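Visitor: Pasting a structure here, questions to come.
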Amino acid sequence: TEEMAAQKVNVLITGANRGLGLEMVSQMVKGSVAVSKLIACCRDPDGPGAEALQVLAKQHPDVISVVRLDTSDLSSIKECTQQAGALVGSEGLNLLVNNAGIMINTTLLDTTCEDMQKIFNTNVLGPMNMIKEFLPFLRAAAKASKISGMSTRKAAVICISSLLGSVEGTRQTYEYFSVLPYRVSKCALNMLTVCAAAELRKEEILFSLLHPGWVRTDMGGEKASIDAPESVQRMLDVMASMTEEQNGAFLDYHGQTVAW
Ligand code: NDP
């Protein structure tokens, strides 16, 4: 019915070809979220690393659109907005998930400037440019929505951060797991997201940070404590429950607040 269609959301996920991003696409399209258009972005849609996503997209051709996007490249982001704009139209974009990320595992003494620039390009400038370039679509969704207050079903940006970006956590865990460039980048992503939350609060666009848990993906490794389906199921539950109270919050996959 028209009422049902009005409740459906348009979603964009970065880094959707493997790991948590792919699992998020899979669970969203299998019905855990009522999705109208699901824009699944990845760097190389035609390459072997995107085969699983392409299979999923072929099973749900009305919902999933695979769009090329390298979040570290502003011109690639601008091309993506063209395609995404044509897909979502005047409904706008209800939910942007900044999931794409890389890890560089070095200590202070062996980290180079190139390491820091590389990780900032993807983990910080990527989400920043995604927010800036997709803002017109988020604004359109916020204006079109009949939902009062803030919601991930109205207009929201979820940035996938990490416990490793917590200053408080780093005091305890740095000596066991240094990953300095990664920690610094996720900490910067946290600040970026809190600033965006404050700057756009009056437009009722929700910004929030999620720690997915330590998850068995290429990045998390085999020894991680949970699998991607569990992490994503819980993150989707947390996202669904968000209101203006969670604007600028840093939550884990259980919905618990993570210390800055
Ligand atoms: P994976 O390494 O399994 O997947 C990373 C994804 O990001 C891939 O799809 C990759 O694409 C994509 N990506 C990387 N760089 C870019 C770029 N420049 N442009 C577009 N896409 C890019 O990681 P996870 O799925 O485990 O991680 C997803 C998010 O969760 C990350 O932000 C990570 O920091 C965070 N996280 C993960 C944890 C874990 O335990 N797994 C713990 C805490 C946080 P490609 O295939 O082209 O490389």
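Here, A, B, ... name the chains of the structure tokens in the order displayed, residue numbers run from 1 inside each chain, and ligands are numbered from 1 in the same displayed order.
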Using only C-alpha atoms and all ligand atoms, what are the residues with an atom within 8 Å of ligand 1, set out as a VMD selection string?

Guide: chain A and resid 14 to 22 41 to 44 49 to 50 69 to 73 98 to 103 121 to 123 126 159 to 164 182 186 211 to 221 224 228

Visitor: Keeping only N, CA and C atoms, write the selected residues to a file as a compact mmCIF listing (two decimals), in the first residue's frame.

Guide:
# COMPACT_ATOMS: atom_id res chain seq x y z
N THR A 14 28.73 2.09 2.54
CA THR A 14 30.05 2.08 1.89
C THR A 14 30.80 0.81 2.29
N GLY A 15 31.68 0.35 1.42
CA GLY A 15 32.44 -0.88 1.70
C GLY A 15 31.53 -2.08 1.80
N ALA A 16 30.59 -2.18 0.84
CA ALA A 16 29.51 -3.18 0.94
C ALA A 16 29.84 -4.52 0.29
N ASN A 17 31.07 -4.69 -0.19
CA ASN A 17 31.38 -5.93 -0.93
C ASN A 17 31.89 -7.07 -0.06
N ARG A 18 32.30 -6.79 1.17
CA ARG A 18 32.75 -7.88 2.05
C ARG A 18 32.61 -7.45 3.50
N GLY A 19 32.86 -8.39 4.42
CA GLY A 19 32.85 -8.07 5.84
C GLY A 19 31.51 -7.55 6.34
N LEU A 20 31.58 -6.59 7.25
CA LEU A 20 30.36 -6.08 7.89
C LEU A 20 29.44 -5.39 6.89
N GLY A 21 30.00 -4.69 5.91
CA GLY A 21 29.17 -3.99 4.93
C GLY A 21 28.31 -4.95 4.12
N LEU A 22 28.91 -6.03 3.65
CA LEU A 22 28.17 -7.04 2.88
C LEU A 22 27.08 -7.68 3.73
N CYS A 41 27.73 0.31 -2.05
CA CYS A 41 28.90 0.89 -2.73
C CYS A 41 30.16 0.07 -2.49
N CYS A 42 30.96 -0.04 -3.53
CA CYS A 42 32.26 -0.69 -3.38
C CYS A 42 33.24 -0.15 -4.43
N ARG A 43 34.52 -0.37 -4.17
CA ARG A 43 35.56 0.20 -5.03
C ARG A 43 35.58 -0.39 -6.42
N ASP A 44 35.35 -1.72 -6.49
CA ASP A 44 35.49 -2.41 -7.77
C ASP A 44 34.32 -3.36 -8.01
N GLY A 49 36.39 -9.40 -5.95
CA GLY A 49 36.05 -9.09 -4.56
C GLY A 49 34.62 -8.63 -4.35
N ALA A 50 33.88 -8.44 -5.46
CA ALA A 50 32.50 -7.98 -5.33
C ALA A 50 31.50 -9.04 -5.81
N LEU A 69 32.40 3.18 -5.72
CA LEU A 69 32.77 4.27 -4.81
C LEU A 69 34.08 3.96 -4.09
N ASP A 70 35.06 4.84 -4.29
CA ASP A 70 36.27 4.82 -3.48
C ASP A 70 36.16 6.02 -2.55
N THR A 71 35.95 5.76 -1.27
CA THR A 71 35.66 6.85 -0.33
C THR A 71 36.87 7.74 -0.09
N SER A 72 38.05 7.28 -0.50
CA SER A 72 39.25 8.11 -0.29
C SER A 72 39.46 9.10 -1.44
N ASP A 73 38.53 9.08 -2.41
CA ASP A 73 38.70 9.88 -3.62
C ASP A 73 37.45 10.77 -3.83
N ASN A 98 28.56 4.93 6.98
CA ASN A 98 29.99 5.04 6.67
C ASN A 98 30.69 3.85 7.31
N ASN A 99 30.80 2.78 6.52
CA ASN A 99 31.36 1.52 7.02
C ASN A 99 32.78 1.26 6.52
N ALA A 100 33.07 1.71 5.29
CA ALA A 100 34.39 1.42 4.69
C ALA A 100 35.50 1.90 5.61
N GLY A 101 36.50 1.06 5.80
CA GLY A 101 37.62 1.44 6.66
C GLY A 101 38.81 0.54 6.42
N ILE A 102 39.98 1.05 6.76
CA ILE A 102 41.19 0.24 6.68
C ILE A 102 41.91 0.27 8.03
N MET A 103 42.79 -0.70 8.19
CA MET A 103 43.57 -0.81 9.43
C MET A 103 45.06 -0.78 9.08
N ASN A 121 42.86 9.43 4.88
CA ASN A 121 42.08 9.57 3.64
C ASN A 121 40.85 8.66 3.66
N THR A 122 41.03 7.43 4.10
CA THR A 122 39.91 6.49 4.08
C THR A 122 39.02 6.59 5.32
N ASN A 123 39.64 6.62 6.50
CA ASN A 123 38.83 6.51 7.73
C ASN A 123 38.26 7.83 8.23
N GLY A 126 37.17 10.24 4.14
CA GLY A 126 36.11 9.50 3.46
C GLY A 126 34.74 9.82 4.07
N CYS A 159 28.35 6.20 11.57
CA CYS A 159 29.75 5.97 11.26
C CYS A 159 30.24 4.77 12.06
N ILE A 160 30.82 3.79 11.35
CA ILE A 160 31.34 2.62 12.05
C ILE A 160 32.73 2.96 12.58
N SER A 161 32.79 3.10 13.88
CA SER A 161 34.04 3.45 14.55
C SER A 161 34.64 2.20 15.18
N SER A 162 35.36 2.34 16.26
CA SER A 162 35.94 1.18 16.94
C SER A 162 36.28 1.55 18.37
N LEU A 163 36.18 0.55 19.23
CA LEU A 163 36.63 0.69 20.61
C LEU A 163 38.10 1.14 20.65
N LEU A 164 38.85 0.75 19.60
CA LEU A 164 40.27 1.12 19.54
C LEU A 164 40.45 2.63 19.37
N TYR A 182 45.46 3.48 13.21
CA TYR A 182 44.04 3.13 13.26
C TYR A 182 43.36 3.80 14.45
N LYS A 186 40.32 6.56 14.10
CA LYS A 186 38.96 6.33 14.61
C LYS A 186 38.62 7.39 15.67
N HIS A 211 30.42 0.93 17.55
CA HIS A 211 31.51 -0.07 17.62
C HIS A 211 30.87 -1.44 17.36
N PRO A 212 31.30 -2.13 16.29
CA PRO A 212 30.63 -3.39 15.91
C PRO A 212 30.97 -4.59 16.77
N GLY A 213 31.87 -4.43 17.74
CA GLY A 213 32.42 -5.59 18.45
C GLY A 213 33.68 -6.04 17.74
N TRP A 214 34.34 -7.06 18.30
CA TRP A 214 35.50 -7.63 17.63
C TRP A 214 34.98 -8.78 16.77
N VAL A 215 34.99 -8.56 15.44
CA VAL A 215 34.22 -9.41 14.54
C VAL A 215 35.13 -10.18 13.57
N ARG A 216 34.76 -11.46 13.34
CA ARG A 216 35.52 -12.30 12.40
C ARG A 216 35.27 -11.88 10.95
N THR A 217 36.08 -10.94 10.50
CA THR A 217 36.09 -10.50 9.10
C THR A 217 37.56 -10.52 8.67
N ASP A 218 37.85 -10.08 7.45
CA ASP A 218 39.26 -9.98 7.03
C ASP A 218 40.01 -9.08 8.00
N MET A 219 39.37 -7.97 8.42
CA MET A 219 40.05 -7.06 9.33
C MET A 219 40.14 -7.62 10.75
N GLY A 220 39.05 -8.17 11.24
CA GLY A 220 39.00 -8.64 12.63
C GLY A 220 39.82 -9.90 12.87
N GLY A 221 39.97 -10.75 11.82
CA GLY A 221 40.74 -11.99 11.95
C GLY A 221 39.92 -13.12 12.54
N ALA A 224 38.69 -13.36 16.43
CA ALA A 224 37.72 -12.39 16.95
C ALA A 224 36.58 -13.10 17.68
N ALA A 228 30.09 -11.93 11.85
CA ALA A 228 29.47 -10.75 11.24
C ALA A 228 27.94 -10.76 11.36

Visitor: Near Phe137 in chain A, within 7 Å and counting only C-alpha atoms, which residues show up once chain neighbours fewer than 4 positions away are dropped, as a list in words?

Guide: Gly92, Leu93 and Ala141 of chain A

Visitor: Under the rule that only C-alpha atoms are counted, which of A:Leu251, A:Leu210, A:Val66, A:Leu200 is the nearest residue to Leu87 in chain A?

Guide: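 Answer, going by the shortest atom-to-atom distance: A:Val66.
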
Visitor: How many Å lie between CA of Leu53 in chain A and CA of His254 in chain A, rounded to one decimal?

Guide: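 CA of Leu53 in chain A sits 26.6 Å away from CA of His254 in chain A.
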
Visitor: Could you pull out the strand (DSSP E or B) residues of range 19-217 of chain A, going by DSSP on the backbone, and write them as number ranges by chain?

Guide: A: 35-42, 64-68, 95-98, 156-160, 206-211, 215-216

Visitor: Set the distance at 12 Å and use only C-alpha atoms: which residues neighbour range 143-149 of chain A once local chain neighbours fewer than 6 positions away are removed? I'd like the list as a PyMOL selection string.

Guide: chain A and resi 3+6-10+89-94+136-137+155-156+201-206+242-247

Visitor: Per DSSP on the backbone, what are the helix (DSSP H, G or I) residues of range 125-176 of chain A, as a ChimeraX atom specification?

Guide: /A:125-144,163-165,167-173

Visitor: When distances are computed from only C-alpha atoms, which of A:Ala259, A:Leu108, A:Val29, A:Leu209 shows the smallest separation from Arg171 in chain A?

Guide: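 The answer is A:Ala259, which sits nearest to Arg171 in chain A.
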
Visitor: Just want the 6 Å neighbourhood of range 230-238 of chain A, counted on only C-alpha atoms, with same-chain residues fewer than 3 positions away dropped. Output as number ranges by chain.

Guide: A: 24, 212, 227, 241, 253, 255

Visitor: With only C-alpha atoms as the basis for distance, which of A:Ala197, A:Ala249, A:Gly165, A:Ala52 is at the shortest distance from Val179 in chain A?

Guide: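 The answer is A:Gly165, which sits nearest to Val179 in chain A.
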
Visitor: What gap, in Å, lies between CA of Leu138 in chain A and CA of Ser76 in chain A?

Guide: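 Going from CA of Leu138 in chain A over to CA of Ser76 in chain A covers 18.9 Å.
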
Visitor: One decimal, Å: what's the distance from CA of Ser151 in chain A over to CA of Ala57 in chain A, could you say?

Guide: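 Going from CA of Ser151 in chain A over to CA of Ala57 in chain A, I get 26.4 Å.
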